[in-house]
$ cat run_4.txt   # compact mmCIF, C-alpha atoms and all ligand atoms
# COMPACT_ATOMS: atom_id res chain seq x y z
CA MET A 1 -6.35 -12.80 -19.75
CA ARG A 2 -5.48 -9.23 -19.09
CA LYS A 3 -7.99 -6.90 -20.68
CA ARG A 4 -8.21 -3.92 -18.41
CA ARG A 5 -6.45 -0.78 -19.43
CA ALA A 6 -4.19 1.38 -17.39
CA GLY A 7 -5.47 4.81 -16.52
CA GLY A 8 -2.11 6.53 -16.36
CA LYS A 9 -2.87 9.01 -19.09
CA ARG A 10 -5.64 10.78 -17.16
CA LYS A 11 -3.58 13.90 -16.60
CA THR A 12 -6.53 15.86 -15.26
CA GLU A 13 -7.01 13.56 -12.32
CA GLY A 14 -3.34 13.33 -11.51
CA PHE A 15 -3.61 10.16 -9.46
CA ARG A 16 -1.38 7.61 -11.07
CA ASP A 17 -1.86 3.88 -11.13
CA VAL A 18 0.62 1.89 -9.08
CA PHE A 19 3.36 -0.38 -10.27
CA ILE A 20 4.79 -2.58 -7.51
CA GLU A 21 8.33 -3.59 -8.37
CA ARG A 22 9.34 -7.23 -7.95
CA ARG A 23 11.32 -7.09 -4.71
CA THR A 24 8.81 -4.76 -3.09
CA PHE A 25 6.03 -7.16 -3.98
CA ARG A 26 7.82 -10.06 -2.28
CA THR A 27 8.43 -8.00 0.86
CA ILE A 28 4.87 -6.76 1.34
CA ILE A 29 3.37 -10.20 0.77
CA THR A 30 5.82 -11.84 3.17
CA SER A 31 5.42 -9.20 5.86
CA ALA A 32 1.62 -9.62 5.78
CA VAL A 33 1.96 -13.41 6.08
CA GLU A 34 4.61 -13.17 8.82
CA VAL A 35 2.40 -11.39 11.36
CA TYR A 36 -0.93 -13.03 10.42
CA ASN A 37 -3.48 -12.70 12.01
CA ARG A 38 -2.23 -9.36 13.16
CA GLU A 39 -1.73 -6.36 10.86
CA THR A 40 1.53 -5.44 9.22
CA ASN A 41 2.38 -1.80 8.57
CA GLY A 42 5.14 -0.07 6.69
CA ALA A 43 6.27 2.86 4.57
CA LEU A 44 6.51 3.09 0.78
CA LEU A 45 9.37 4.62 -1.18
CA GLY A 46 9.08 5.32 -4.86
CA ARG A 47 8.72 7.82 -7.65
CA ASN A 48 6.92 8.61 -10.85
CA ALA A 49 8.02 6.40 -13.73
CA THR A 50 6.94 5.09 -17.11
CA ARG A 51 6.21 1.38 -17.45
CA GLU A 52 4.91 -0.71 -20.29
CA ILE A 53 1.40 -1.95 -19.47
CA ASN A 54 -0.62 -3.86 -22.08
CA GLY A 55 1.84 -2.72 -24.72
CA GLU A 56 1.44 0.95 -23.87
CA ARG A 57 3.92 3.27 -22.23
CA THR A 58 2.06 4.37 -19.14
CA GLU A 59 2.78 6.93 -16.45
CA VAL A 60 2.65 5.22 -13.09
CA VAL A 61 4.03 5.61 -9.62
CA SER A 62 6.62 2.93 -9.12
CA VAL A 63 6.93 1.52 -5.60
CA LYS A 64 10.64 0.76 -5.44
CA GLU A 65 11.06 -0.17 -1.81
CA VAL A 66 9.07 -0.71 1.35
CA TYR A 67 10.05 -0.38 4.97
CA PRO A 68 8.13 -2.57 7.45
CA PHE A 69 7.91 -0.75 10.80
CA GLN A 70 9.29 -2.69 13.73
CA THR A 71 7.92 -0.56 16.54
CA ASP A 72 4.19 -0.67 15.80
CA LYS A 73 1.73 -2.31 18.07
CA ARG A 74 -0.11 -4.91 16.01
CA THR A 75 -3.57 -6.31 16.66
CA PRO A 76 -6.10 -8.00 14.35
CA SER A 77 -8.12 -4.80 13.96
CA GLU A 78 -5.67 -1.94 13.88
CA VAL A 79 -2.08 -0.91 13.67
CA ILE A 80 -1.03 2.19 15.50
CA HIS A 81 2.34 3.81 15.67
CA GLY A 82 3.42 2.35 18.97
CA ASN A 83 6.14 4.92 19.05
CA LYS A 84 5.72 8.31 17.40
CA ALA A 85 9.30 9.26 18.14
CA ALA A 86 10.41 6.16 16.25
CA PHE A 87 8.26 7.15 13.25
CA LYS A 88 9.95 10.54 13.20
CA ARG A 89 13.36 8.90 13.39
CA VAL A 90 12.43 6.82 10.36
CA LEU A 91 11.34 9.95 8.45
CA ARG A 92 14.52 11.82 9.32
CA THR A 93 16.74 8.87 8.49
CA PHE A 94 15.21 8.54 5.03
CA GLU A 95 15.74 12.25 4.53
CA SER A 96 19.40 11.95 5.49
CA LEU A 97 19.68 9.07 3.04
CA GLY A 98 18.27 11.27 0.31
CA THR A 99 14.63 10.23 0.05
CA GLU A 100 11.16 10.70 1.49
CA ILE A 101 8.30 8.28 1.85
CA ILE A 102 5.34 8.53 -0.54
CA GLY A 103 2.83 6.64 1.57
CA GLY A 104 2.32 3.42 3.44
CA TYR A 105 0.96 -0.08 3.34
CA HIS A 106 -0.85 -2.24 5.84
CA SER A 107 -2.89 -5.40 6.02
CA HIS A 108 -6.40 -6.27 7.15
CA PRO A 109 -6.48 -9.89 8.30
CA TYR A 110 -9.69 -11.86 7.91
CA PRO A 111 -12.45 -11.25 8.95
CA TYR A 112 -12.01 -7.85 7.34
CA GLY A 113 -15.69 -7.28 6.51
CA PHE A 114 -15.08 -5.07 3.51
CA VAL A 115 -12.10 -4.32 1.28
CA GLY A 116 -11.16 -0.70 1.73
CA LEU A 117 -9.69 1.86 4.07
CA SER A 118 -11.42 2.33 7.41
CA ARG A 119 -12.12 5.66 9.09
CA GLY A 120 -9.25 4.89 11.43
CA ASP A 121 -6.96 4.39 8.44
CA ILE A 122 -7.77 7.87 7.15
CA VAL A 123 -7.09 9.33 10.60
CA SER A 124 -3.65 7.67 10.69
CA VAL A 125 -2.86 8.91 7.18
CA LYS A 126 -3.70 12.47 8.26
CA GLU A 127 -1.46 12.10 11.32
CA ASP A 128 1.39 10.81 9.21
CA VAL A 129 0.96 13.58 6.61
CA GLU A 130 0.96 16.14 9.41
CA ALA A 131 4.10 14.65 10.98
CA MET A 132 5.89 14.78 7.62
CA MET A 133 4.87 18.31 6.76
CA LYS A 134 5.96 19.53 10.20
CA ILE A 135 9.51 18.53 9.38
CA GLY A 136 9.33 19.92 5.87
CA GLN A 137 8.75 16.68 3.97
CA GLU A 138 6.31 17.69 1.27
CA ARG A 139 6.10 14.67 -0.99
CA VAL A 140 2.74 13.58 0.42
CA ARG A 141 1.25 17.06 0.31
CA LYS A 142 -1.02 16.37 -2.68
CA GLY A 143 -1.72 12.77 -1.87
CA TRP A 144 -0.63 9.84 0.24
CA LEU A 145 -0.49 6.43 -1.43
CA GLU A 146 -1.82 3.59 0.71
CA LEU A 147 -1.58 -0.05 -0.32
CA LEU A 148 -3.97 -2.37 1.45
CA LEU A 149 -3.52 -6.13 1.74
CA SER A 150 -6.71 -7.90 2.73
CA ILE A 151 -5.43 -11.29 3.83
CA LYS A 152 -7.12 -14.58 4.70
CA ARG A 153 -5.59 -17.89 5.64
CA LYS A 154 -6.83 -20.84 3.61
CA ASP A 155 -6.80 -24.51 4.52
CA TYR A 156 -6.89 -27.02 1.71
CA VAL A 157 -8.14 -30.60 1.79
CA LYS A 158 -5.98 -31.69 -1.11
CA PRO A 159 -2.26 -31.43 -0.43
CA GLN A 160 -0.13 -29.66 -3.01
CA LYS A 161 3.40 -28.38 -3.27
CA PRO A 162 4.00 -24.78 -2.20
CA GLU A 163 3.21 -22.45 -5.10
CA TRP A 164 1.75 -19.06 -5.82
CA TYR A 165 -0.29 -17.37 -8.48
CA ILE A 166 -1.94 -14.08 -9.28
CA CYS A 167 -5.22 -13.07 -10.84
CA ASP A 168 -6.25 -9.54 -11.60
CA TYR A 169 -9.56 -7.74 -11.34
CA VAL A 170 -10.61 -4.34 -12.56
CA LYS A 171 -8.21 -2.56 -10.22
CA LYS A 172 -7.13 -5.00 -7.54
CA LEU A 173 -4.78 -7.97 -7.66
CA ARG A 174 -5.39 -11.26 -5.93
CA VAL A 175 -2.39 -13.30 -4.85
CA ARG A 176 -2.68 -16.85 -3.60
CA VAL A 177 0.40 -18.25 -1.97
CA ARG A 178 0.55 -21.78 -0.60
CA THR A 179 3.14 -21.96 2.15
CA ARG A 180 2.57 -25.58 3.23
CA GLU A 181 0.91 -28.57 1.56
CA ARG A 182 -2.46 -27.76 3.07
CA THR A 183 -2.09 -24.12 4.07
CA GLY A 184 -2.03 -20.94 2.08
CA TYR A 185 -2.95 -17.26 2.10
CA ASP A 186 -5.31 -15.35 -0.09
CA ILE A 187 -4.27 -11.71 -0.41
CA LEU A 188 -6.17 -9.00 -2.22
CA ILE A 189 -4.01 -5.95 -2.96
CA SER A 190 -5.71 -2.59 -3.51
CA ALA A 191 -4.26 0.92 -3.84
CA TYR A 192 -5.67 4.27 -2.76
CA TRP A 193 -4.63 7.88 -2.99
CA VAL A 194 -5.69 9.70 0.17
CA TYR A 195 -5.73 13.40 -0.67
CA PRO A 196 -6.71 16.71 0.94
CA LYS A 197 -9.95 18.32 -0.21
CA GLU A 198 -9.07 21.59 1.50
CA LYS A 199 -6.08 23.91 1.54
CA TYR A 200 -3.35 23.35 4.07
CA GLY A 201 -2.79 26.00 6.69
CA GLU A 202 -6.37 27.02 7.36
CA LYS A 203 -6.95 24.42 10.05
CA PRO A 204 -5.07 21.54 11.65
CA VAL A 205 -4.50 18.64 9.22
CA LYS A 206 -6.53 16.25 11.38
CA LYS A 207 -9.60 18.49 10.95
CA MET A 208 -9.26 18.76 7.18
CA LYS A 209 -11.44 16.74 4.81
CA PHE A 210 -9.61 14.09 2.85
CA GLY A 211 -10.88 12.10 -0.12
CA VAL A 212 -9.99 8.58 -1.25
CA LYS A 213 -9.39 7.56 -4.86
CA GLU A 214 -8.78 3.94 -5.77
CA VAL A 215 -6.33 3.26 -8.62
CA SER A 216 -5.12 0.12 -10.41
CA VAL A 217 -2.28 -2.05 -9.15
CA TYR A 218 0.24 -3.78 -11.40
CA VAL A 219 3.17 -6.09 -10.77
CA PRO A 220 5.85 -7.05 -13.35
CA TRP A 221 5.08 -10.76 -13.80
CA ILE A 222 1.66 -10.48 -15.32
CA LEU A 223 2.50 -7.84 -17.82
CA GLU A 224 4.30 -9.95 -20.39
ZN ZN A 301 -6.71 -0.47 8.06
$ encode --input "run_4.txt" --output "C-alpha cells"
Amino acid sequence: MRKRRAGGKRKTEGFRDVFIERRTFRTIITSAVEVYNRETNGALLGRNATREINGERTEVVSVKEVYPFQTDKRTPSEVIHGNKAAFKRVLRTFESLGTEIIGGYHSHPYPYGFVGLSRGDIVSVKEDVEAMMKIGQERVRKGWLELLLSIKRKDYVKPQKPEWYICDYVKKLRVRVRTRERTGYDILISAYWVYPKEKYGEKPVKKMKFGVKEVSVYVPWILE
C-alpha cells in the first residue's frame, strides 16, 4: 500500500520530511475538529531525528508536541493572533522551559478552495519569524515548518460505529474520522517549509521574499 519513498536523504535541499508523533497527531486532529468550522491554530515543538520509513533509516523532523493557542480569534477564513502579547508570552515561556518552537499548524475548514498556504498564511509566518528573532529565538531562521489541516465535515447515509482510518498520497495524508454514526471529518494533512529567499538584516522581515517547499508527512501507524 505504501510505495512512496521518503526524501530525507536530500542533503542539498535541507528541508526534511515530517514525522508526526502519535500524541501530537491526536492533538492536532482533535483541535481541528473541536473548533470546526472555524480555524484552529497552534505552535509546533520538535527536533531533527532519524525514523524508520519503508525500512530505511531516514532523517526527518519529528514533531514531538503541539501547543494549541487559546487567545486567537478564529473565523472560517483566517486565524490571527488575537493577542500579540500573549504570543510573546508563549515564546518566552517555552524558552524558560528549555525549548523553542519550530513552526505552527492551522486548519482550513471547508470550503477551502485549494489545499495550500494562502498569501495571508505567509504574512503571518513572516510576522511570527520576526517576533521570534527579535527575542533571540533563532530556530526558525532558515525555515518555519507549517502543517496545514484542510478539514471537511462529512454526513453519511449509512450509520456506522465511530472509527478512523488513514490513506496516504504522494506527500499528504488523508485522515477520516467518524465521530458519530452518521457524522465524520475528512482531514488532509500537508506540510510546508516556509523559508527566506533573502538575507536577514537588509530589510524588515515582512518585506523579505519567502519561498514555500512542500515535504512529505508521516505518522507512526502506517509505517509498519
Ligand atoms: Zn491558512
$ atom_distance --input "run_4.txt" --atom1 "CA of Arg23 (chain A)" --atom2 "CA of Pro220 (chain A)"
10.2 Å
$ residues_near_ligand --input "run_4.txt" --ligand "ligand ZN 301 (chain A)" --cutoff "6 Å" --atoms "all atoms listed in the file" --output "list in words"
His108, Leu117, Ser118 and Asp121 of chain A
$ closest_atom_pairs --input "run_4.txt" --of "region 57-135 of chain A" --to "region 142-164 of chain A" --cutoff "6 Å" --atoms "all atoms listed in the file" --output "tab-separated table"
residue	atom	partner	partner_atom	distance
A:Gly103	CA	A:Leu145	CA	4.5
A:Gly104	CA	A:Glu146	CA	5.0
A:Tyr105	CA	A:Leu147	CA	4.5
A:His106	CA	A:Leu148	CA	5.4
A:Ser107	CA	A:Leu149	CA	4.4
A:His108	CA	A:Ser150	CA	4.7
A:Pro109	CA	A:Ile151	CA	4.8
A:Tyr110	CA	A:Lys152	CA	4.9
$ atom_distance --input "run_4.txt" --atom1 "CA of Gln70 (chain A)" --atom2 "CA of Tyr36 (chain A)"
14.9 Å
$ closest_residue --input "run_4.txt" --among "A:Ile20, A:Ile29, A:Val205, A:Val123" --to "Arg176 (chain A)" --atoms "only C-alpha atoms"
A:Ile29
$ closest_residue --input "run_4.txt" --among "A:Met132, A:Val125, A:Val60, A:Ile166" --to "Gly211 (chain A)" --atoms "all atoms listed in the file"
A:Val125
$ residues_around --input "run_4.txt" --residues "Lys209 (chain A)" --least-positions-apart "6" --cutoff "9 Å" --atoms "all atoms listed in the file" --output "PyMOL selection string"
chain A and resi 195-198
$ axis_aligned_box --input "run_4.txt" --around "region 176-183 of chain A" --padding-each-side "3 Å" --output "AutoDock Vina command-line options"
--center_x 0.2 --center_y -22.7 --center_z 0.2 --size_x 11.8 --size_y 17.7 --size_z 13.7
$ closest_residue --input "run_4.txt" --among "A:Lys171, A:Arg139, A:Arg89, A:Arg47" --to "Val219 (chain A)" --atoms "all atoms listed in the file"
A:Lys171
$ closest_residue --input "run_4.txt" --among "A:Ala85, A:Leu97, A:Lys126, A:Val217" --to "Val63 (chain A)" --atoms "all atoms listed in the file"
A:Val217
$ closest_residue --input "run_4.txt" --among "A:Phe69, A:Ser190, A:Leu173, A:Leu91" --to "Met133 (chain A)" --atoms "all atoms listed in the file"
A:Leu91
$ atom_distance --input "run_4.txt" --atom1 "CA of Gln137 (chain A)" --atom2 "CA of Glu39 (chain A)"
26.2 Å
$ closest_residue --input "run_4.txt" --among "A:Val129, A:Ile187, A:Phe25, A:Val18" --to "Lys206 (chain A)" --atoms "all atoms listed in the file"
A:Val129
$ decode --input "run_4.txt" --residues "region 145-157 of chain A" --atoms "N, CA and C atoms" --output "mmCIF file, in the first residue's frame"
data_model
loop_
_atom_site.group_PDB
_atom_site.id
_atom_site.type_symbol
_atom_site.label_atom_id
_atom_site.label_comp_id
_atom_site.auth_asym_id
_atom_site.auth_seq_id
_atom_site.Cartn_x
_atom_site.Cartn_y
_atom_site.Cartn_z
ATOM 1 N N LEU A 145 8.307 25.539 9.818
ATOM 2 C CA LEU A 145 7.508 24.400 9.382
ATOM 3 C C LEU A 145 6.028 24.666 9.659
ATOM 4 N N GLU A 146 5.216 24.604 8.623
ATOM 5 C CA GLU A 146 3.776 24.814 8.830
ATOM 6 C C GLU A 146 3.011 23.575 8.403
ATOM 7 N N LEU A 147 2.220 23.028 9.327
ATOM 8 C CA LEU A 147 1.336 21.911 8.990
ATOM 9 C C LEU A 147 -0.053 22.480 8.727
ATOM 10 N N LEU A 148 -0.643 22.035 7.634
ATOM 11 C CA LEU A 148 -1.976 22.518 7.282
ATOM 12 C C LEU A 148 -2.969 21.362 7.319
ATOM 13 N N LEU A 149 -4.103 21.593 7.969
ATOM 14 C CA LEU A 149 -5.163 20.585 8.001
ATOM 15 C C LEU A 149 -6.361 21.132 7.238
ATOM 16 N N SER A 150 -6.594 20.589 6.064
ATOM 17 C CA SER A 150 -7.758 21.003 5.284
ATOM 18 C C SER A 150 -8.891 20.072 5.697
ATOM 19 N N ILE A 151 -9.905 20.626 6.339
ATOM 20 C CA ILE A 151 -10.906 19.779 7.005
ATOM 21 C C ILE A 151 -12.316 20.029 6.487
ATOM 22 N N LYS A 152 -13.040 18.913 6.288
ATOM 23 C CA LYS A 152 -14.411 18.982 5.790
ATOM 24 C C LYS A 152 -15.279 18.007 6.575
ATOM 25 N N ARG A 153 -16.431 18.499 6.995
ATOM 26 C CA ARG A 153 -17.361 17.617 7.693
ATOM 27 C C ARG A 153 -18.076 16.733 6.681
ATOM 28 N N LYS A 154 -18.292 15.477 7.040
ATOM 29 C CA LYS A 154 -18.988 14.568 6.125
ATOM 30 C C LYS A 154 -20.207 13.971 6.811
ATOM 31 N N ASP A 155 -21.310 13.928 6.069
ATOM 32 C CA ASP A 155 -22.507 13.275 6.602
ATOM 33 C C ASP A 155 -22.722 11.990 5.823
ATOM 34 N N TYR A 156 -22.993 10.922 6.544
ATOM 35 C CA TYR A 156 -23.144 9.619 5.914
ATOM 36 C C TYR A 156 -24.594 9.163 5.989
ATOM 37 N N VAL A 157 -25.029 8.468 4.949
ATOM 38 C CA VAL A 157 -26.394 7.934 4.934
ATOM 39 C C VAL A 157 -26.440 6.667 5.785
#
